[in-house]
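**Q** My structure is below; once you've seen it, I'll send some questions.
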Number of protein chains: 4
Amino acid sequence: MFAGPLDKCLNIEDLRLAAKRRAHKMVFDYIDGGADDEVTLRGNSSAFDRYRLLYKTLVGVDDVDPSVTLLGQKLQVPFFCSPAAGNRLFHTEGERAVAKAAAERGTIYSLSTLSSISIEEIAKLTNGPKWFQLYVWKDRVLVKEMLDRAREAGYKAMILTVDFAITGNRERDPRNGFTIPPKYGPRQAIEAMKAPFWTLDFLFGAGIRYANLSEKTAAVSLNQFVAEQLHAGFNWKDAEWLLGEWSGPSIIKGIVREDDALHAASTGFNAAMVSNHGGRQLDHSAAPIEALEPIVQAAGDRLEVILDGGVRRGTDVLKALALGAKAVSFARPYLYGLAAGGERGVNRALEIMEDAVRRDMALMGVRNVDEIDRSFLLDPNTQ
Amino acid sequence: MFAGPLDKCLNIEDLRLAAKRRAHKMVFDYIDGGADDEVTLRGNSSAFDRYRLLYKTLVGVDDVDPSVTLLGQKLQVPFFCSPAAGNRLFHTEGERAVAKAAAERGTIYSLSTLSSISIEEIAKLTNGPKWFQLYVWKDRVLVKEMLDRAREAGYKAMILTVDFAITGNRERDPRNGFTIPPKYGPRQAIEAMKAPFWTLDFLFGAGIRYANLSEKTAAVSLNQFVAEQLHAGFNWKDAEWLLGEWSGPSIIKGIVREDDALHAASTGFNAAMVSNHGGRQLDHSAAPIEALEPIVQAAGDRLEVILDGGVRRGTDVLKALALGAKAVSFARPYLYGLAAGGERGVNRALEIMEDAVRRDMALMGVRNVDEIDRSFLLDPNTQ
Amino acid sequence: MFAGPLDKCLNIEDLRLAAKRRAHKMVFDYIDGGADDEVTLRGNSSAFDRYRLLYKTLVGVDDVDPSVTLLGQKLQVPFFCSPAAGNRLFHTEGERAVAKAAAERGTIYSLSTLSSISIEEIAKLTNGPKWFQLYVWKDRVLVKEMLDRAREAGYKAMILTVDFAITGNRERDPRNGFTIPPKYGPRQAIEAMKAPFWTLDFLFGAGIRYANLSEKTAAVSLNQFVAEQLHAGFNWKDAEWLLGEWSGPSIIKGIVREDDALHAASTGFNAAMVSNHGGRQLDHSAAPIEALEPIVQAAGDRLEVILDGGVRRGTDVLKALALGAKAVSFARPYLYGLAAGGERGVNRALEIMEDAVRRDMALMGVRNVDEIDRSFLLDPNTQ
Amino acid sequence: MFAGPLDKCLNIEDLRLAAKRRAHKMVFDYIDGGADDEVTLRGNSSAFDRYRLLYKTLVGVDDVDPSVTLLGQKLQVPFFCSPAAGNRLFHTEGERAVAKAAAERGTIYSLSTLSSISIEEIAKLTNGPKWFQLYVWKDRVLVKEMLDRAREAGYKAMILTVDFAITGNRERDPRNGFTIPPKYGPRQAIEAMKAPFWTLDFLFGAGIRYANLSEKTAAVSLNQFVAEQLHAGFNWKDAEWLLGEWSGPSIIKGIVREDDALHAASTGFNAAMVSNHGGRQLDHSAAPIEALEPIVQAAGDRLEVILDGGVRRGTDVLKALALGAKAVSFARPYLYGLAAGGERGVNRALEIMEDAVRRDMALMGVRNVDEIDRSFLLDPNTQ
């Protein structure tokens, strides 16, 4: 596999390899890794391979329109940027790079609660559509404050991440000495030579401050903060309370079961992200692309369903749409780009994905996403 | 795997390796590669492995006849040569070598619109049956002119390639600097030492002139020409117009869906090539051997169905016939031969395939292709 | 994979690698190996991968309780220690280490008939729940004597191992010269340098005395004793007799068939361990996780069903519970720990498993094991 | 894998590796290889892996009897030696070694028409049960003469091989220069150093005389003879004639289809060997273990069905019996033994197989082969 400068990166895997070369091993592994044996991490992508495409011909595809409408918002492409914590860990430009690239591409940027740039700063940076992501914190005052800030700053929708009651078991991190602050031993020192500027920035700069929580985390480490604040007891009742505090559209992120989808619909969520947190939480979870169809069938009339996880190619996007997703989202593709080259890298990642979707739509024989249906997939059970 | 001189090449894979050794990497990869992750490229061949053979015994196979009749034309073997562009890229003899070898073998040669030898020159070269292949060009005058020339030159049937609305994403080519004209850097220079005569011929000779389009492409590169002329908007209506311009038999090439087969039949096509362009267009497309049976069942009474893609062994041919194909076609096997040794290499490729088909028919217990039916296949779902 | 000191071992595989580095090859292979081609050995673990998890969200998992009740005995964790012979082979501390670690963890320790520490010594060591395991010996007087000793020493239940009518074909052992007493040649001498203390202990100490059988095996080797005493003719009638000699709860260990489970229930067993002896007896046996569900469906109302075999991760435990097991058991995980570091190693193994089960229950969205049901599994046939 | 002296060979794979080390590459490959891509060669063995065993317990297996009755003949073991041509190619002792070892083991030896020891010499060598194998020759006088000699010499049954209308495409042989007589170039000379005595014997001795055909092949090479005499036109009518010339029991060898089995029964055959010639004829043929059950179900009441192909372990034998075979047969296991060490090697091969069958019967919980039924197999479709 080839992985040269950004303009020579032809696909997301190229960006991944470029990130691997540029970033500290601990940072790369933090992006790249998953829980336990990484069965779900790999499965999220490989499960797409079970579906084969039955493309149409002679449709007339001189004018392909990949736009979708999600919760009333028009997106120029059928994908958007999933939330991801602490992006300054990966590149000095951090969330700024991603927010700007997403806006340029005409799609949604979702800001993590644990962003390293503040809600307000991101909001001022672009006019693009923005969503705000929440974890299930214990401190209701803190949560309300966050929601108020997000509303005020113009974030259109709220994402509640529900597959993070506790932190998953990602073994690459302790093996790399990756903690916040990081441990520096001989192994880390060698890695530091690979990316000296990043290391300086990371160790002495503001890279790891969690901008939205700065006061709260002044005295304690983030790990401590997360451990203390993550509310494992958070339940559907709490979610109901939360929805009461937010007037805009709301998305539940991290479900793989039909009954949870139905529950989310009755509780008042407007959309659901079928996701297993990128294989970073419970290993052996079903892949989103496997879990998608039953959820669409059970609750697709009450929820807009988004596939999140494992997307690397344009055909992955089209398969998800064929199984009933309204759009897909991803984080690793743009994080690889970010780690490989800041905003330019994120831009390249989104460009690669858009080019691929447009090209694959033409090759599939569809002029717009509404034309994509189940008939384009060969049933995996005949495989 | 062994890959010595042509007479020591025992199978198509041997020819492939011989081509790999003899040809520039960029040329070999152009033949050998596919779109995106090459999942479909590999799948086209590996999908044959899902079918196992239940051969017959004590049939009496002293007189095996592998001939078939395709669109009224008797072929001595149940396979023919698929169209492929610019064969002089692969060997100085180019399309001449293939046309002559096909005629000698008593089977059809299909000439690509983008051939590097002209329609007329090929026609004068042999008395063998010839078909002419068309892409979906924008310029109707150009198309009519081509059809007139092909008709006049005695081409019996027209193939319309419909899985090429735009060009697929073949990543080996840009990585190799393969463009027309090619880029020459240090890497290419090293490769050039491997095949100095080809390099001279290719750079300074006429190798890359596209003979049927010489006037049109005088000033522009082929890539530019194709980009400008490929008519992504071409649709069933246009196909109808095209059929009106051609009185002989017509074949649609590149379908994998039942509804497209039915559409082709109603539009007036006489045959269909189940094909995904050798995995060079939409990656993750269903393999032809998977798509074949439903198409035969849906439209086999109205169209003669041809399998194109992945064929490397005699058993591949027999499996396709068992699933209802009237014949199979292929390009890579003879292109490997061409790149490995010109006309002698093409001859060897076709000889290997004919020997294999004859031998495998005897071992299958069938005396002619009409005796091959579904009962010879163990259902893959029991696998 | 990483395998440093015990506290750096993050999972059972790390402990396995630590054991591999510390122990003699012959000892490691004795723990690690299986019968014939080790198809079942590998399959016992890999069969878990066929089941994917459909976790629940927003359940409120601040208070996860992994305890189970097995044959009326409350266990703090849903797993316990399977019996394993001659633990002093693996570490000087032998069965003592395991019994103490199990008691500390609040779970059952099962002592093998072929333990290298006596029934009585183990009993005095801890107050934890203890079961006693029997092979099918010929000598009924010996068997009764054993049962009396076990009863007197406070062992709560009897396990009868029924998949050991004769010894399986484990080819690593003869290749390593592993016999009792061991053969020492140059290869063994080199290995001895790796673990000199163990070698001394093993060769000159009491390591290989089989404590419960010391008188009987004084003059003969253990292999001889086992060969002479293993009662291949032992049958359901004999089992009935045996149950008559034991008043407490009884477990049959080593069944994979529904009819055997039903037979066990009618004979009077209270529980069944679905097990194939860790892939050490009949190669190509069904994996316990595959055999489990039919047995639960057939006999789950009459027997408490335990899964034994292949468990390495918390998700393995949860999958077994989802398919109807009351608990799981394992030997290799703690034996790797024992060989890697004695009691501390066993402790680490059990700690890894408990942490994993607790974490995975939280991530699965279950507060106690009764909440785990079949709905958490994606049917493998849709895979 | 280990492969030392014969007594250190623990399984058939060890014998295979011992043969590989001792024999010329061309000879080893001749035994070891198959047709085309060797998909069927590998599949014959790997298809067994799809079946998992559900063993029984507490049956009482102190007295295991592996004998079977085949065509009225009692065999001490449920397997026998398939015919194989020209065994002196593999070892100076040739067919003598195999016939003696089979007799010692109380099972059938099948002599090939193309044996390198004569019908009569083998007959005088042992009192064991012997069958005689025929190819479909053109020369009926030759055939009748052979049958008369076999009858007179006391061969009990005739095997007609029907999957050899022509020779399969085994590519290892031409690559190795393996022809009769062999070609000797530098590569062969190097190999010759590995086994100088064999080379002398093979080149100057009588090793490659085909004893039953000595007059006929005096002047021509075997290849020529086989090419001239193999009767590709041989059909069911000819088979009927043949059966009329033979009064004893008759076996058809090489079928994989139900209709051929039924045809064989009506034609008067008494038994059928489900076989694809060890993957040496038509590549992609169904594996015998896959083809077995439908044939047993269709014709098991009219034919005794034997599985031939892929057997390497005791569990393979038991799986075939569970699917309805009366016995299994094999050639490669004893040919590896022969090439590795003459009669001692064949003895070792048969001993390994008998030990394995006896051990695996005990572990399966069956006392005799009649107790083995379909209930011992987990359905592969649930895999």
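Chain labels follow the order of the structure tokens: the first chain is A, the next B, and so on; residue numbering restarts at 1 in every chain, and ligands are counted from 1 in their shown order.
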Give as an MDAnalysis selection string every residue of chain A that touches chain B within 9 Å, counting only C-alpha atoms.
**A** chainID A and resid 2 8 10:11 49 51:63 313 315 356 359:360 362:365 376:378 381:383
**Q** What does the file look like for those residues with N, CA, C and O atoms, as a short mmCIF file (atom, residue, chain, number, x, y, z; two decimals), in the first residue's frame?
**A**
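Full text of out_22.cif as output:
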```cif
data_model
loop_
_atom_site.label_atom_id
_atom_site.label_comp_id
_atom_site.auth_asym_id
_atom_site.auth_seq_id
_atom_site.Cartn_x
_atom_site.Cartn_y
_atom_site.Cartn_z
N PHE A 2 0.41 2.20 -0.73
CA PHE A 2 1.13 3.44 -0.92
C PHE A 2 0.65 4.46 0.10
O PHE A 2 -0.50 4.53 0.45
N LYS A 8 -1.15 12.34 -2.93
CA LYS A 8 -0.92 11.01 -3.48
C LYS A 8 -1.74 9.95 -2.73
O LYS A 8 -1.69 8.78 -3.08
N LEU A 10 -4.76 8.04 -2.26
CA LEU A 10 -5.89 7.77 -3.15
C LEU A 10 -7.11 7.29 -2.40
O LEU A 10 -8.21 7.30 -2.92
N ASN A 11 -6.91 6.82 -1.18
CA ASN A 11 -8.04 6.26 -0.44
C ASN A 11 -7.78 6.42 1.06
O ASN A 11 -6.72 6.90 1.47
N ASP A 49 -18.39 -6.43 3.31
CA ASP A 49 -18.02 -7.31 2.20
C ASP A 49 -19.05 -8.40 1.92
O ASP A 49 -19.02 -9.01 0.86
N TYR A 51 -22.08 -8.02 1.46
CA TYR A 51 -23.09 -7.55 0.52
C TYR A 51 -22.43 -7.26 -0.82
O TYR A 51 -21.43 -6.55 -0.87
N ARG A 52 -22.97 -7.81 -1.86
CA ARG A 52 -22.44 -7.51 -3.20
C ARG A 52 -23.45 -6.67 -3.95
O ARG A 52 -24.66 -6.76 -3.71
N LEU A 53 -22.96 -5.89 -4.87
CA LEU A 53 -23.79 -4.90 -5.54
C LEU A 53 -24.30 -5.40 -6.88
O LEU A 53 -23.55 -5.98 -7.67
N LEU A 54 -25.57 -5.16 -7.11
CA LEU A 54 -26.19 -5.44 -8.41
C LEU A 54 -26.53 -4.10 -9.05
O LEU A 54 -27.62 -3.56 -8.87
N TYR A 55 -25.56 -3.57 -9.77
CA TYR A 55 -25.72 -2.22 -10.31
C TYR A 55 -26.69 -2.20 -11.50
O TYR A 55 -26.92 -3.22 -12.13
N LYS A 56 -27.23 -1.02 -11.77
CA LYS A 56 -28.12 -0.81 -12.91
C LYS A 56 -27.35 -0.19 -14.06
O LYS A 56 -26.35 0.51 -13.85
N THR A 57 -27.82 -0.38 -15.27
CA THR A 57 -27.13 0.20 -16.42
C THR A 57 -28.09 1.04 -17.25
O THR A 57 -29.31 0.94 -17.10
N LEU A 58 -27.52 1.88 -18.11
CA LEU A 58 -28.26 2.71 -19.05
C LEU A 58 -29.33 3.56 -18.38
O LEU A 58 -30.42 3.74 -18.92
N VAL A 59 -29.00 4.02 -17.18
CA VAL A 59 -29.94 4.87 -16.45
C VAL A 59 -29.80 6.32 -16.93
O VAL A 59 -30.78 7.07 -16.91
N GLY A 60 -28.60 6.67 -17.39
CA GLY A 60 -28.34 8.09 -17.67
C GLY A 60 -27.87 8.75 -16.39
O GLY A 60 -28.68 9.22 -15.60
N VAL A 61 -26.57 8.78 -16.20
CA VAL A 61 -26.06 9.25 -14.91
C VAL A 61 -25.14 10.46 -15.10
O VAL A 61 -24.13 10.61 -14.41
N ASP A 62 -25.50 11.33 -16.05
CA ASP A 62 -24.66 12.50 -16.27
C ASP A 62 -24.82 13.53 -15.16
O ASP A 62 -24.01 14.43 -15.00
N ASP A 63 -25.85 13.36 -14.37
CA ASP A 63 -26.11 14.36 -13.33
C ASP A 63 -26.42 13.66 -12.01
O ASP A 63 -27.58 13.46 -11.66
N ARG A 313 -15.11 3.21 2.05
CA ARG A 313 -15.23 3.32 0.61
C ARG A 313 -16.60 3.86 0.23
O ARG A 313 -17.56 3.74 1.01
N THR A 315 -18.62 2.52 -1.81
CA THR A 315 -19.58 1.41 -1.85
C THR A 315 -20.13 1.10 -0.46
O THR A 315 -21.26 0.62 -0.35
N ALA A 356 -15.67 9.31 -4.24
CA ALA A 356 -16.02 7.89 -4.31
C ALA A 356 -17.53 7.70 -4.39
O ALA A 356 -18.04 6.92 -5.19
N ARG A 359 -18.76 8.82 -7.85
CA ARG A 359 -18.36 7.84 -8.87
C ARG A 359 -19.16 6.54 -8.72
O ARG A 359 -19.65 5.99 -9.70
N ASP A 360 -19.30 6.07 -7.49
CA ASP A 360 -19.98 4.81 -7.29
C ASP A 360 -21.47 4.92 -7.56
O ASP A 360 -22.10 3.95 -8.00
N ALA A 362 -22.71 6.82 -9.95
CA ALA A 362 -22.77 6.72 -11.41
C ALA A 362 -22.62 5.28 -11.87
O ALA A 362 -23.36 4.79 -12.74
N LEU A 363 -21.68 4.56 -11.26
CA LEU A 363 -21.44 3.17 -11.66
C LEU A 363 -22.56 2.25 -11.19
O LEU A 363 -22.80 1.21 -11.80
N MET A 364 -23.26 2.63 -10.14
CA MET A 364 -24.41 1.86 -9.66
C MET A 364 -25.64 2.14 -10.52
O MET A 364 -26.63 1.40 -10.43
N GLY A 365 -25.62 3.23 -11.26
CA GLY A 365 -26.79 3.58 -12.04
C GLY A 365 -27.87 4.25 -11.21
O GLY A 365 -29.06 3.96 -11.38
N PHE A 376 -30.45 -3.40 -5.04
CA PHE A 376 -29.05 -3.26 -5.47
C PHE A 376 -28.11 -4.21 -4.72
O PHE A 376 -26.93 -4.27 -5.03
N LEU A 377 -28.64 -4.93 -3.75
CA LEU A 377 -27.79 -5.83 -2.95
C LEU A 377 -28.12 -7.29 -3.23
O LEU A 377 -29.29 -7.68 -3.23
N LEU A 378 -27.09 -8.06 -3.43
CA LEU A 378 -27.26 -9.50 -3.50
C LEU A 378 -27.31 -10.00 -2.05
O LEU A 378 -26.44 -9.68 -1.25
N ASN A 381 -26.99 -14.08 2.32
CA ASN A 381 -27.20 -15.48 2.64
C ASN A 381 -27.06 -16.39 1.43
O ASN A 381 -27.02 -17.61 1.55
N THR A 382 -27.02 -15.79 0.24
CA THR A 382 -26.76 -16.61 -0.94
C THR A 382 -25.27 -16.72 -1.20
O THR A 382 -24.85 -17.37 -2.14
N GLN A 383 -24.48 -16.07 -0.37
CA GLN A 383 -23.03 -16.04 -0.61
C GLN A 383 -22.41 -17.42 -0.40
O GLN A 383 -22.84 -18.16 0.46
#
```
**Q** Enumerate, as an MDAnalysis selection string, the complete set of residues in stretch 40-266 of chain A that a backbone-based DSSP assignment places in helix (DSSP H, G or I).
**A** chainID A and resid 40:50 87:89 94:104 119:125 140:152 172:175 186:194 196:204 211:213 222:229 236:244 258:266
**Q** Which residues are near A:Leu17? Cut-off 12 Å, only C-alpha atoms, ignore same chain within fewer than 3 positions. Put them as a ChimeraX atom specification.
**A** /A:1-6,8-14,20-23,25,28-29,32,333,335-337,339-341
**Q** List as a PyMOL selection string the protein and nucleic acid residues near C:Phe132, meaning an atom at most 8 Å away when only C-alpha atoms are counted, but skip any in the same chain fewer than 6 places from it.
**A** chain C and resi 110-113+150+155-159
**Q** Keeping N, CA, C and O atoms, export the residues of the selection given above as a short mmCIF file (atom, residue, chain, number, x, y, z; two decimals), in the first residue's frame.
**A**
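This is the output file again.cif:
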```cif
data_model
loop_
_atom_site.label_atom_id
_atom_site.label_comp_id
_atom_site.auth_asym_id
_atom_site.auth_seq_id
_atom_site.Cartn_x
_atom_site.Cartn_y
_atom_site.Cartn_z
N SER C 110 -12.40 -26.83 41.99
CA SER C 110 -12.62 -28.28 41.81
C SER C 110 -11.29 -28.98 41.85
O SER C 110 -10.42 -28.70 41.02
N LEU C 111 -11.16 -29.91 42.76
CA LEU C 111 -9.90 -30.64 42.91
C LEU C 111 -9.95 -31.92 42.09
O LEU C 111 -10.90 -32.69 42.16
N SER C 112 -8.89 -32.15 41.33
CA SER C 112 -8.79 -33.36 40.53
C SER C 112 -8.41 -34.55 41.40
O SER C 112 -7.65 -34.41 42.37
N THR C 113 -8.91 -35.72 41.07
CA THR C 113 -8.42 -36.95 41.69
C THR C 113 -6.91 -37.01 41.60
O THR C 113 -6.23 -37.47 42.51
N ALA C 150 -13.28 -37.12 50.57
CA ALA C 150 -13.77 -35.83 50.05
C ALA C 150 -14.94 -35.33 50.89
O ALA C 150 -15.01 -34.15 51.27
N TYR C 155 -15.89 -31.33 50.89
CA TYR C 155 -16.15 -31.03 49.47
C TYR C 155 -17.64 -31.16 49.23
O TYR C 155 -18.27 -32.13 49.61
N LYS C 156 -18.22 -30.15 48.61
CA LYS C 156 -19.67 -30.04 48.54
C LYS C 156 -20.30 -30.88 47.44
O LYS C 156 -21.45 -31.27 47.53
N ALA C 157 -19.57 -31.06 46.35
CA ALA C 157 -20.17 -31.79 45.24
C ALA C 157 -19.14 -32.67 44.58
O ALA C 157 -17.93 -32.47 44.73
N MET C 158 -19.62 -33.65 43.86
CA MET C 158 -18.75 -34.58 43.14
C MET C 158 -18.93 -34.39 41.64
O MET C 158 -20.04 -34.30 41.15
N ILE C 159 -17.79 -34.29 40.96
CA ILE C 159 -17.81 -34.22 39.49
C ILE C 159 -17.32 -35.55 38.94
O ILE C 159 -16.22 -35.99 39.29
#
```
**Q** Any idea what's packed within 6 Å of stretch 74-78 of chain B, counting only C-alpha atoms, ignoring anything in its chain fewer than 2 positions away? Could you give it as a PyMOL selection string?
**A** chain B and resi 66-69+106-107+327
**Q** Could those selected residues go to a file with all heavy atoms, as a JSON list (two decimals), in the first residue's frame?
**A**
```
[["chain", "number", "residue", "atom", "x", "y", "z"],
["B", 66, "PRO", "N", -16.74, -29.63, -28.40],
["B", 66, "PRO", "CA", -16.94, -28.44, -27.56],
["B", 66, "PRO", "C", -17.56, -27.26, -28.30],
["B", 66, "PRO", "O", -17.59, -26.16, -27.75],
["B", 66, "PRO", "CB", -15.51, -28.11, -27.12],
["B", 66, "PRO", "CG", -14.66, -28.54, -28.26],
["B", 66, "PRO", "CD", -15.37, -29.68, -28.94],
["B", 67, "SER", "N", -18.06, -27.47, -29.50],
["B", 67, "SER", "CA", -18.57, -26.33, -30.27],
["B", 67, "SER", "C", -19.92, -25.84, -29.74],
["B", 67, "SER", "O", -20.67, -26.60, -29.12],
["B", 67, "SER", "CB", -18.70, -26.72, -31.74],
["B", 67, "SER", "OG", -19.77, -27.64, -31.90],
["B", 68, "VAL", "N", -20.18, -24.58, -29.97],
["B", 68, "VAL", "CA", -21.48, -23.99, -29.62],
["B", 68, "VAL", "C", -21.95, -23.11, -30.78],
["B", 68, "VAL", "O", -21.15, -22.76, -31.66],
["B", 68, "VAL", "CB", -21.39, -23.10, -28.36],
["B", 68, "VAL", "CG1", -21.09, -23.92, -27.12],
["B", 68, "VAL", "CG2", -20.38, -21.99, -28.54],
["B", 69, "THR", "N", -23.21, -22.79, -30.76],
["B", 69, "THR", "CA", -23.74, -21.84, -31.74],
["B", 69, "THR", "C", -24.21, -20.61, -31.00],
["B", 69, "THR", "O", -24.99, -20.71, -30.05],
["B", 69, "THR", "CB", -24.90, -22.47, -32.53],
["B", 69, "THR", "OG1", -24.38, -23.60, -33.23],
["B", 69, "THR", "CG2", -25.46, -21.48, -33.55],
["B", 106, "GLY", "N", -11.17, -20.84, -34.50],
["B", 106, "GLY", "CA", -12.56, -20.97, -34.93],
["B", 106, "GLY", "C", -13.54, -20.27, -34.02],
["B", 106, "GLY", "O", -14.67, -20.72, -33.86],
["B", 107, "THR", "N", -13.09, -19.17, -33.45],
["B", 107, "THR", "CA", -14.01, -18.47, -32.56],
["B", 107, "THR", "C", -14.02, -16.97, -32.84],
["B", 107, "THR", "O", -13.25, -16.48, -33.68],
["B", 107, "THR", "CB", -13.69, -18.77, -31.08],
["B", 107, "THR", "OG1", -14.81, -18.34, -30.30],
["B", 107, "THR", "CG2", -12.42, -18.04, -30.61],
["B", 327, "ALA", "N", -22.21, -19.45, -23.89],
["B", 327, "ALA", "CA", -20.76, -19.43, -24.11],
["B", 327, "ALA", "C", -20.16, -18.53, -23.05],
["B", 327, "ALA", "O", -20.89, -17.84, -22.32],
["B", 327, "ALA", "CB", -20.43, -18.90, -25.50]]
```
